[in-house]
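Since the structure comes first, as structure tokens, the remarks are kept for the end.
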Amino acid sequence: MKKSHFPEGFLWGGATAANQLEGAYNEGGKGLSIFDMVAFVPKEERGHEIEMDVRSEAELEALLAGNGSDNFPKRRGIDFYHRYKEDIALFAEMGFKTFRMSISWPRIFPNGDETVPNEEGLAFYDRVFDELQKHGIEPLVTLSHYELPLHLVQKYNGWTDRRLVEYFVHYAETVFNRYKDKVKYWLTFNEINVSTISPYIGSGILVDRVENREQAVYQALHHQFVASARAVKACHEIIPGALIGCMLARMETYAETCSPDDVLAALEEDQKNLFFTDVQVRGYYPSYMNRYFEENDIKIDMLPGDEEILLQHPVDFLSFSYYMTMVSSGSPDKMKEKGNFFSGIPNPYLEASDWGWQIDPKGLRITLKKMYDRYQVPLFIVENGLGAYDKVEEDGSIQDDYRIDYMSAHIEQMGEAIKDGVEVMGYTSWGCIDLISAGTSEMSKRYGFIYVDQDDYGNGTLERKKKKSFDWYKNVIATNGAEL
Ligand code: P53
């Protein structure tokens, strides 16, 4: 057998989120979450590359009144709520060391601002954790993965309101106390930077209720930073030995050319992405951001003690999702198009997925090296993978060689970074079982090793089937990454 350069105990596994997986949106006493309100929009009608916002109070009211779509894919997920035993058995068959999942906050606190938790919700996750334990799989649990209780949007306009800090900390302490013997690895906010593209999904903000969108987003983020640091503190106090991390949608940015203008533009774009981890890992706002706030008339309201909390309770490790890289130019004309994350200057050296996400395995190595140079804390790749259309052949097989190629190239580059001494705790590929897309609510954008028979409209038997990549990944884990 070839020699592995992955450390012993490396946490191989897969990643999911409650809102895209569980379904059962109104069972077990669960309250509505923000993503329960996002309707499916067919590709031809989509105005954006991502379609996950509710933008106004009127739009939300109409959705609640049942006017508009009746297709809300995240409400049905893939029915993990009822099928978790079968799914976990399949993860165990692949040899998963860890399973990344999230707790749906409104399953525990249906409105988000109650004092007493919903026992049925707590009991559900007990059953899931027990099942994982039975198979020797370590849970890695995200506290908040786009599952804010909808009531907190309606009543408080989400994280713009300081009171959410207390509600979140109460929720975090409740689950730390309940699961302290079952869960050792935690994450606070999934892709905390997503608020800058989607204030609704990232922070529960209806933008028509605020005067200045950017001001509201950065204020909401400040509340999340404080809430996250308080959760780190609580986690360490309640569960000795537990590790808790932050989570960033990492967008490494390259310069379009070696012109210093382009290089500077790329550096500044990258800083905007690393701002979040600068705060959460180092424990203070970076000075370049203070300049940005000043020049853009953004004023962050801080309470006495906030800066101390951030400084005293940084995260134990930095986790991130990695799907693609970006390109920046110093020429404002070229950047004009770049309205969000995704559009921007295409990189002529890279191919793209069917959704236009540019595939860049070496970028993962670059990112790992750069982040480790900057922070010197353990890193954890908690999402990576290829969203693709899969085809079930006549014999029932799914030949997803493109996914195997994608993942083996990324894992290989991760291995190269590890050879350089970068500390990587583990790798959990996104959507290890097909689930509902976050960005487009499609079922047909599939990431899994396990196929789920369901279409964009909820038709299908929900039967699970192994794809070709299933056995491939099983061998990757069995050889600790030596055979890709
Ligand atoms: P989908 C945008 C860019 C990078 C990652 O995304 C993103 C998003 C949001 O669409 O989200 C993460 O399902 C997120 C997961 C999500 C996954 O990436 O749009 O943490 O919830 O499913 C993939 O293809």
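Letters for chains follow the order of the structure tokens (A, B, ...), residue numbers begin at 1 for each chain, and ligand numbers begin at 1 in the order shown.
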Please report, as CSV, each residue of chain A lying at most 9 Å from ligand 1, together with the nearest pair of atoms and the separation in Å rounded to one decimal; use only C-alpha atoms and all ligand atoms, and order rows by chain and ascending residue number.
```
residue,atom,partner,partner_atom_place_in_ligand_line,distance
A:Ala15,CA,ligand 1,15 (C),8.9
A:Thr16,CA,ligand 1,21 (O),7.2
A:Ala17,CA,ligand 1,21 (O),6.3
A:Asn19,CA,ligand 1,21 (O),8.4
A:Gln20,CA,ligand 1,21 (O),7.3
A:Glu49,CA,ligand 1,10 (O),8.9
A:Ile50,CA,ligand 1,10 (O),6.3
A:Glu51,CA,ligand 1,10 (O),8.4
A:Met52,CA,ligand 1,10 (O),8.0
A:His145,CA,ligand 1,21 (O),7.0
A:Tyr146,CA,ligand 1,21 (O),7.6
A:Asn190,CA,ligand 1,20 (O),6.1
A:Glu191,CA,ligand 1,20 (O),5.9
A:Val194,CA,ligand 1,8 (C),7.4
A:Ile197,CA,ligand 1,2 (C),8.9
A:Met247,CA,ligand 1,20 (O),8.9
A:Leu248,CA,ligand 1,20 (O),8.7
A:Ala249,CA,ligand 1,4 (C),5.8
A:Arg250,CA,ligand 1,4 (C),8.0
A:Met251,CA,ligand 1,4 (C),8.3
A:Phe320,CA,ligand 1,20 (O),8.9
A:Ser321,CA,ligand 1,5 (C),6.6
A:Tyr322,CA,ligand 1,4 (C),7.4
A:Tyr323,CA,ligand 1,4 (C),6.4
A:Met324,CA,ligand 1,4 (C),8.0
A:Phe341,CA,ligand 1,3 (C),7.1
A:Phe342,CA,ligand 1,3 (C),7.5
A:Trp355,CA,ligand 1,24 (O),8.3
A:Trp357,CA,ligand 1,3 (C),8.8
A:Val382,CA,ligand 1,20 (O),8.9
A:Glu383,CA,ligand 1,18 (O),6.9
A:Asn384,CA,ligand 1,18 (O),8.0
A:Gly385,CA,ligand 1,23 (C),8.2
A:Leu386,CA,ligand 1,24 (O),8.2
A:Gly387,CA,ligand 1,24 (O),5.9
A:Trp430,CA,ligand 1,17 (C),6.6
A:Gly431,CA,ligand 1,22 (O),7.1
A:Leu435,CA,ligand 1,22 (O),8.1
A:Ile436,CA,ligand 1,13 (O),6.6
A:Ser437,CA,ligand 1,13 (O),3.3
A:Ala438,CA,ligand 1,13 (O),3.7
A:Gly439,CA,ligand 1,19 (O),3.3
A:Thr440,CA,ligand 1,19 (O),5.7
A:Ser441,CA,ligand 1,13 (O),7.3
A:Glu442,CA,ligand 1,13 (O),7.9
A:Lys445,CA,ligand 1,24 (O),6.6
A:Arg446,CA,ligand 1,24 (O),8.0
A:Tyr447,CA,ligand 1,24 (O),8.1
```
Using C-alpha atoms, can you write the selected residues to a file as a compact mmCIF listing (two decimals), in the first residue's frame?
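Result file follows (again08.txt):
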```txt
# COMPACT_ATOMS: atom_id res chain seq x y z
CA ALA A 15 -21.10 17.59 5.43
CA THR A 16 -24.77 18.58 5.47
CA ALA A 17 -27.13 21.12 7.00
CA ASN A 19 -32.37 22.95 6.40
CA GLN A 20 -31.30 21.11 3.25
CA GLU A 49 -27.18 33.19 -9.92
CA ILE A 50 -28.38 32.50 -6.43
CA GLU A 51 -31.98 32.74 -5.42
CA MET A 52 -32.24 32.61 -1.68
CA HIS A 145 -26.52 27.08 9.19
CA TYR A 146 -29.10 29.40 7.60
CA ASN A 190 -21.86 28.70 8.79
CA GLU A 191 -20.24 30.91 6.14
CA VAL A 194 -22.70 35.19 3.42
CA ILE A 197 -24.44 38.76 -0.39
CA MET A 247 -16.66 28.93 9.34
CA LEU A 248 -15.91 31.02 6.27
CA ALA A 249 -16.92 30.72 2.61
CA ARG A 250 -13.35 31.11 1.44
CA MET A 251 -12.93 33.05 -1.78
CA PHE A 320 -14.08 26.88 5.66
CA SER A 321 -15.91 25.89 2.51
CA TYR A 322 -13.94 25.80 -0.71
CA TYR A 323 -15.55 25.61 -4.13
CA MET A 324 -13.81 28.12 -6.38
CA PHE A 341 -19.81 36.55 -5.31
CA PHE A 342 -20.13 34.64 -8.48
CA TRP A 355 -23.26 26.23 -12.53
CA TRP A 357 -18.21 27.70 -10.48
CA VAL A 382 -15.75 21.39 6.03
CA GLU A 383 -17.17 21.78 2.49
CA ASN A 384 -15.82 20.98 -0.93
CA GLY A 385 -17.38 19.17 -3.81
CA LEU A 386 -18.92 19.28 -7.26
CA GLY A 387 -22.55 20.16 -7.87
CA TRP A 430 -20.29 18.87 0.91
CA GLY A 431 -23.59 17.08 0.46
CA LEU A 435 -29.70 17.24 -0.78
CA ILE A 436 -31.43 20.53 -1.61
CA SER A 437 -29.13 23.25 -2.96
CA ALA A 438 -28.70 26.27 -0.72
CA GLY A 439 -28.27 28.75 -3.54
CA THR A 440 -30.96 27.60 -5.97
CA SER A 441 -33.16 25.14 -4.00
CA GLU A 442 -32.60 22.60 -6.75
CA LYS A 445 -27.72 20.07 -8.34
CA ARG A 446 -26.22 17.00 -6.74
CA TYR A 447 -23.05 16.62 -4.68
```
Write out, as JSON lines, each residue of segment 221-258 of chain A that has an atom at most 12 Å from segment 373-378 of chain A, together with the closest pair of atoms and their distance in Å to one decimal, counting only C-alpha atoms, rows going by chain and rising number.
```
{"residue": "A:Leu243", "atom": "CA", "partner": "A:Pro378", "partner_atom": "CA", "distance": 10.7}
{"residue": "A:Ile244", "atom": "CA", "partner": "A:Pro378", "partner_atom": "CA", "distance": 11.2}
{"residue": "A:Gly245", "atom": "CA", "partner": "A:Pro378", "partner_atom": "CA", "distance": 9.5}
{"residue": "A:Cys246", "atom": "CA", "partner": "A:Pro378", "partner_atom": "CA", "distance": 11.3}
```
Residue selection dump (C-alpha atoms) as a compact mmCIF listing (two decimals), in the first residue's frame:
```txt
# COMPACT_ATOMS: atom_id res chain seq x y z
CA LEU A 243 -13.10 22.30 20.13
CA ILE A 244 -15.15 25.04 18.53
CA GLY A 245 -14.43 26.81 15.25
CA CYS A 246 -15.63 29.55 12.95
```
Mind pulling up the distance from atom CA of Glu8 of chain A to atom CA of Glu131 of chain A?
24.1 Å
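The interatomic distance for the pair atom CA of Met101 of chain A and atom CA of Val141 of chain A works out to 5.2 Å.
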Which neighbours of segment 227-237 of chain A fall inside 10 Å, counting only C-alpha atoms, when residues of the same chain fewer than 2 positions from it are skipped, and could you give them as a PyMOL selection string?
chain A and resi 143+162+164-173+175-177+180+184-189+221-225+239-246+279-281+283+306+308-316
Hey, what does DSSP flag as strand (DSSP E) within segment 65-253 of chain A? Can you give it to me as a VMD selection string?
chain A and resid 98 to 102 138 to 144 185 to 189 243 to 249 253
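From atom CA of Ile103 of chain A back to atom CA of Met443 of chain A, the distance works out to 21.2 Å.
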Tell me which protein, DNA and RNA residues are within 12 Å of segment 453-459 of chain A, counting only C-alpha atoms, leaving out same-chain ones fewer than 3 positions away, and put them as a PDB file with N, CA and C atoms, in the first residue's frame.
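File written: result_24.pdb
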```pdb
ATOM      1  N   GLY A  23     -36.042  17.940   6.191  1.00  0.00           N
ATOM      2  CA  GLY A  23     -37.471  17.970   5.878  1.00  0.00           C
ATOM      3  C   GLY A  23     -38.249  18.078   7.170  1.00  0.00           C
ATOM      4  N   ALA A  39     -38.787  29.934  -1.939  1.00  0.00           N
ATOM      5  CA  ALA A  39     -39.466  29.106  -2.942  1.00  0.00           C
ATOM      6  C   ALA A  39     -38.522  28.746  -4.083  1.00  0.00           C
ATOM      7  N   PHE A  40     -38.833  27.655  -4.728  1.00  0.00           N
ATOM      8  CA  PHE A  40     -38.077  27.224  -5.903  1.00  0.00           C
ATOM      9  C   PHE A  40     -38.374  28.145  -7.082  1.00  0.00           C
ATOM     10  N   VAL A  41     -37.329  28.560  -7.766  1.00  0.00           N
ATOM     11  CA  VAL A  41     -37.502  29.351  -8.989  1.00  0.00           C
ATOM     12  C   VAL A  41     -36.805  28.603 -10.121  1.00  0.00           C
ATOM     13  N   PRO A  42     -37.551  28.230 -11.183  1.00  0.00           N
ATOM     14  CA  PRO A  42     -36.894  27.510 -12.284  1.00  0.00           C
ATOM     15  C   PRO A  42     -35.785  28.359 -12.911  1.00  0.00           C
ATOM     16  N   LYS A  43     -34.799  27.680 -13.432  1.00  0.00           N
ATOM     17  CA  LYS A  43     -33.592  28.325 -13.941  1.00  0.00           C
ATOM     18  C   LYS A  43     -33.904  29.482 -14.899  1.00  0.00           C
ATOM     19  N   SER A  69     -45.667  30.726  -4.690  1.00  0.00           N
ATOM     20  CA  SER A  69     -45.270  29.352  -4.965  1.00  0.00           C
ATOM     21  C   SER A  69     -45.845  28.372  -3.947  1.00  0.00           C
ATOM     22  N   ASP A  70     -45.999  27.122  -4.365  1.00  0.00           N
ATOM     23  CA  ASP A  70     -46.256  26.095  -3.366  1.00  0.00           C
ATOM     24  C   ASP A  70     -45.098  25.094  -3.344  1.00  0.00           C
ATOM     25  N   ASN A  71     -43.989  25.491  -3.934  1.00  0.00           N
ATOM     26  CA  ASN A  71     -42.837  24.595  -3.968  1.00  0.00           C
ATOM     27  C   ASN A  71     -41.701  25.169  -3.119  1.00  0.00           C
ATOM     28  N   PHE A  72     -41.588  24.653  -1.903  1.00  0.00           N
ATOM     29  CA  PHE A  72     -40.547  25.093  -0.967  1.00  0.00           C
ATOM     30  C   PHE A  72     -39.668  23.883  -0.642  1.00  0.00           C
ATOM     31  N   PRO A  73     -38.678  23.614  -1.491  1.00  0.00           N
ATOM     32  CA  PRO A  73     -37.927  22.352  -1.360  1.00  0.00           C
ATOM     33  C   PRO A  73     -37.280  22.147   0.003  1.00  0.00           C
ATOM     34  N   LYS A  74     -36.838  23.248   0.657  1.00  0.00           N
ATOM     35  CA  LYS A  74     -36.144  23.042   1.928  1.00  0.00           C
ATOM     36  C   LYS A  74     -37.104  22.565   3.022  1.00  0.00           C
ATOM     37  N   ARG A  75     -38.393  22.722   2.791  1.00  0.00           N
ATOM     38  CA  ARG A  75     -39.334  22.188   3.788  1.00  0.00           C
ATOM     39  C   ARG A  75     -39.351  20.664   3.766  1.00  0.00           C
ATOM     40  N   ARG A  76     -39.084  20.090   2.599  1.00  0.00           N
ATOM     41  CA  ARG A  76     -39.118  18.618   2.537  1.00  0.00           C
ATOM     42  C   ARG A  76     -37.726  18.002   2.624  1.00  0.00           C
ATOM     43  N   GLY A  77     -36.668  18.775   2.255  1.00  0.00           N
ATOM     44  CA  GLY A  77     -35.318  18.212   2.317  1.00  0.00           C
ATOM     45  C   GLY A  77     -35.267  16.869   1.629  1.00  0.00           C
ATOM     46  N   ILE A  78     -34.566  15.920   2.227  1.00  0.00           N
ATOM     47  CA  ILE A  78     -34.579  14.552   1.700  1.00  0.00           C
ATOM     48  C   ILE A  78     -35.100  13.592   2.772  1.00  0.00           C
ATOM     49  N   ASP A  79     -35.844  14.157   3.702  1.00  0.00           N
ATOM     50  CA  ASP A  79     -36.501  13.361   4.747  1.00  0.00           C
ATOM     51  C   ASP A  79     -35.520  12.622   5.663  1.00  0.00           C
ATOM     52  N   TYR A 389     -25.201  17.541 -12.581  1.00  0.00           N
ATOM     53  CA  TYR A 389     -26.368  16.737 -12.966  1.00  0.00           C
ATOM     54  C   TYR A 389     -25.900  15.294 -13.043  1.00  0.00           C
ATOM     55  N   ASP A 390     -26.545  14.401 -12.335  1.00  0.00           N
ATOM     56  CA  ASP A 390     -26.188  12.982 -12.408  1.00  0.00           C
ATOM     57  C   ASP A 390     -27.244  12.237 -13.219  1.00  0.00           C
ATOM     58  N   LYS A 391     -26.782  11.179 -13.867  1.00  0.00           N
ATOM     59  CA  LYS A 391     -27.713  10.405 -14.685  1.00  0.00           C
ATOM     60  C   LYS A 391     -27.751   8.969 -14.171  1.00  0.00           C
ATOM     61  N   VAL A 392     -28.967   8.461 -13.968  1.00  0.00           N
ATOM     62  CA  VAL A 392     -29.097   7.053 -13.582  1.00  0.00           C
ATOM     63  C   VAL A 392     -29.151   6.232 -14.864  1.00  0.00           C
ATOM     64  N   GLY A 396     -29.207   1.077 -13.578  1.00  0.00           N
ATOM     65  CA  GLY A 396     -29.395   1.627 -12.235  1.00  0.00           C
ATOM     66  C   GLY A 396     -28.139   2.260 -11.647  1.00  0.00           C
ATOM     67  N   ILE A 398     -24.807   4.869 -11.310  1.00  0.00           N
ATOM     68  CA  ILE A 398     -24.530   6.289 -11.547  1.00  0.00           C
ATOM     69  C   ILE A 398     -23.023   6.427 -11.670  1.00  0.00           C
ATOM     70  N   ILE A 433     -24.586  13.120   0.840  1.00  0.00           N
ATOM     71  CA  ILE A 433     -25.784  12.493   0.284  1.00  0.00           C
ATOM     72  C   ILE A 433     -26.518  13.626  -0.441  1.00  0.00           C
ATOM     73  N   ASP A 434     -27.053  13.376  -1.626  1.00  0.00           N
ATOM     74  CA  ASP A 434     -27.728  14.438  -2.388  1.00  0.00           C
ATOM     75  C   ASP A 434     -28.743  15.148  -1.499  1.00  0.00           C
ATOM     76  N   LEU A 435     -28.751  16.473  -1.590  1.00  0.00           N
ATOM     77  CA  LEU A 435     -29.704  17.242  -0.781  1.00  0.00           C
ATOM     78  C   LEU A 435     -30.111  18.497  -1.548  1.00  0.00           C
ATOM     79  N   ILE A 436     -30.926  19.335  -0.922  1.00  0.00           N
ATOM     80  CA  ILE A 436     -31.430  20.528  -1.606  1.00  0.00           C
ATOM     81  C   ILE A 436     -30.327  21.592  -1.659  1.00  0.00           C
ATOM     82  N   SER A 437     -30.154  22.207  -2.817  1.00  0.00           N
ATOM     83  CA  SER A 437     -29.133  23.251  -2.960  1.00  0.00           C
ATOM     84  C   SER A 437     -29.488  24.469  -2.117  1.00  0.00           C
ATOM     85  N   THR A 440     -29.895  27.617  -4.955  1.00  0.00           N
ATOM     86  CA  THR A 440     -30.957  27.595  -5.973  1.00  0.00           C
ATOM     87  C   THR A 440     -32.136  26.683  -5.607  1.00  0.00           C
ATOM     88  N   SER A 441     -32.097  26.061  -4.459  1.00  0.00           N
ATOM     89  CA  SER A 441     -33.157  25.143  -4.004  1.00  0.00           C
ATOM     90  C   SER A 441     -33.407  23.974  -4.965  1.00  0.00           C
ATOM     91  N   GLU A 442     -32.439  23.723  -5.826  1.00  0.00           N
ATOM     92  CA  GLU A 442     -32.600  22.600  -6.747  1.00  0.00           C
ATOM     93  C   GLU A 442     -32.253  21.284  -6.059  1.00  0.00           C
ATOM     94  N   MET A 443     -32.960  20.235  -6.442  1.00  0.00           N
ATOM     95  CA  MET A 443     -32.551  18.886  -6.056  1.00  0.00           C
ATOM     96  C   MET A 443     -31.587  18.362  -7.124  1.00  0.00           C
ATOM     97  N   SER A 444     -31.741  18.897  -8.335  1.00  0.00           N
ATOM     98  CA  SER A 444     -30.957  18.383  -9.461  1.00  0.00           C
ATOM     99  C   SER A 444     -29.493  18.845  -9.434  1.00  0.00           C
ATOM    100  N   LYS A 445     -29.140  19.745  -8.529  1.00  0.00           N
ATOM    101  CA  LYS A 445     -27.723  20.075  -8.340  1.00  0.00           C
ATOM    102  C   LYS A 445     -27.193  19.152  -7.245  1.00  0.00           C
ATOM    103  N   ARG A 446     -26.548  18.084  -7.677  1.00  0.00           N
ATOM    104  CA  ARG A 446     -26.218  16.998  -6.740  1.00  0.00           C
ATOM    105  C   ARG A 446     -24.735  16.961  -6.409  1.00  0.00           C
ATOM    106  N   GLY A 448     -23.643  14.347  -3.963  1.00  0.00           N
ATOM    107  CA  GLY A 448     -23.457  13.191  -3.088  1.00  0.00           C
ATOM    108  C   GLY A 448     -22.680  12.014  -3.633  1.00  0.00           C
ATOM    109  N   ILE A 450     -24.124   9.416  -2.497  1.00  0.00           N
ATOM    110  CA  ILE A 450     -25.366   8.657  -2.414  1.00  0.00           C
ATOM    111  C   ILE A 450     -26.435   9.440  -3.168  1.00  0.00           C
ATOM    112  N   LEU A 462     -37.564   8.799  -3.024  1.00  0.00           N
ATOM    113  CA  LEU A 462     -36.580   9.087  -1.970  1.00  0.00           C
ATOM    114  C   LEU A 462     -35.631   7.912  -1.712  1.00  0.00           C
ATOM    115  N   GLU A 463     -35.683   6.938  -2.592  1.00  0.00           N
ATOM    116  CA  GLU A 463     -34.792   5.793  -2.437  1.00  0.00           C
ATOM    117  C   GLU A 463     -33.331   6.261  -2.530  1.00  0.00           C
ATOM    118  N   ARG A 464     -32.466   5.665  -1.738  1.00  0.00           N
ATOM    119  CA  ARG A 464     -31.037   5.963  -1.741  1.00  0.00           C
ATOM    120  C   ARG A 464     -30.303   4.929  -2.584  1.00  0.00           C
ATOM    121  N   LYS A 465     -29.318   5.409  -3.386  1.00  0.00           N
ATOM    122  CA  LYS A 465     -28.540   4.514  -4.244  1.00  0.00           C
ATOM    123  C   LYS A 465     -27.085   4.940  -4.190  1.00  0.00           C
ATOM    124  N   LYS A 466     -26.179   3.963  -4.144  1.00  0.00           N
ATOM    125  CA  LYS A 466     -24.756   4.330  -4.142  1.00  0.00           C
ATOM    126  C   LYS A 466     -24.310   4.726  -5.544  1.00  0.00           C
TER     127      LYS A 466
END
```
Across A:Glu351, A:Asp126, A:Asp297, A:Asp360, the smallest distance to Tyr254 of chain A, with only C-alpha atoms counted, is shown by A:Asp360
What's around segment 212-220 of chain A at 10 Å? Count only C-alpha atoms, leave out sequence neighbours fewer than 5 positions away in its own chain, and write the answer as a PyMOL selection string.
chain A and resi 157-162+164-165+195-200+202-207+225+293+296-302
Next, the residues of the selection above should be written as a short mmCIF file (atom, residue, chain, number, x, y, z; two decimals), in the first residue's frame with C-alpha atoms.
```
data_model
loop_
_atom_site.label_atom_id
_atom_site.label_comp_id
_atom_site.auth_asym_id
_atom_site.auth_seq_id
_atom_site.Cartn_x
_atom_site.Cartn_y
_atom_site.Cartn_z
CA ASN A 157 -35.41 42.16 11.82
CA GLY A 158 -32.91 39.45 12.54
CA TRP A 159 -29.40 40.12 13.76
CA THR A 160 -29.74 43.90 13.43
CA ASP A 161 -31.22 43.65 16.95
CA ARG A 162 -28.77 43.22 19.80
CA LEU A 164 -30.42 38.14 19.34
CA VAL A 165 -27.03 37.77 21.03
CA SER A 195 -24.57 38.14 4.96
CA THR A 196 -22.77 40.47 2.59
CA ILE A 197 -24.44 38.76 -0.39
CA SER A 198 -27.68 37.72 1.25
CA PRO A 199 -28.67 39.81 4.28
CA TYR A 200 -31.77 37.61 4.67
CA GLY A 202 -26.97 35.39 6.56
CA SER A 203 -28.55 37.68 9.13
CA GLY A 204 -32.34 37.44 8.87
CA ILE A 205 -32.60 41.02 7.59
CA LEU A 206 -35.48 42.18 5.40
CA VAL A 207 -33.68 44.89 3.47
CA PHE A 225 -19.17 38.02 16.19
CA PHE A 293 -16.04 51.71 7.58
CA ASN A 296 -18.31 54.30 3.67
CA ASP A 297 -20.05 55.95 6.60
CA ILE A 298 -20.52 52.74 8.49
CA LYS A 299 -20.62 53.01 12.23
CA ILE A 300 -20.56 49.88 14.35
CA ASP A 301 -22.32 50.22 17.66
CA MET A 302 -20.34 48.35 20.27
#
```
Contact residues around Ser287 of chain A with only C-alpha atoms at 12 Å, ignoring same-chain residues under 4 positions, as a list in words
Gln271, Lys272, Phe275, Asp278, Val279, Arg291, Tyr292, Phe293 and Glu294 of chain A
Those same residues, written as a PDB file, in the first residue's frame with C-alpha atoms?
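Resulting contents of selection_5.pdb:
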```pdb
ATOM      1  CA  GLN A 271      -8.861  41.106   2.823  1.00  0.00           C
ATOM      2  CA  LYS A 272     -12.602  41.652   2.607  1.00  0.00           C
ATOM      3  CA  PHE A 275     -11.973  40.165   7.578  1.00  0.00           C
ATOM      4  CA  ASP A 278      -9.363  38.087  11.246  1.00  0.00           C
ATOM      5  CA  VAL A 279     -11.999  38.961  13.836  1.00  0.00           C
ATOM      6  CA  ARG A 291     -10.708  52.576   7.117  1.00  0.00           C
ATOM      7  CA  TYR A 292     -13.391  50.938   4.975  1.00  0.00           C
ATOM      8  CA  PHE A 293     -16.040  51.711   7.583  1.00  0.00           C
ATOM      9  CA  GLU A 294     -14.922  55.321   7.856  1.00  0.00           C
TER      10      GLU A 294
END
```
Which neighbours of segment 413-419 of chain A fall inside 12 Å, counting only C-alpha atoms, when residues of the same chain fewer than 5 positions from it are skipped, and could you give them as a ChimeraX atom specification?
/A:3-7,10,322,360-373,378-381,384,406-408,424-427,480-484
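Among the candidate residues A:Ala24, A:Arg209, A:Tyr84, A:Ala89, the one lying nearest to Gly121 of chain A is A:Ala24, with distances computed using only C-alpha atoms.
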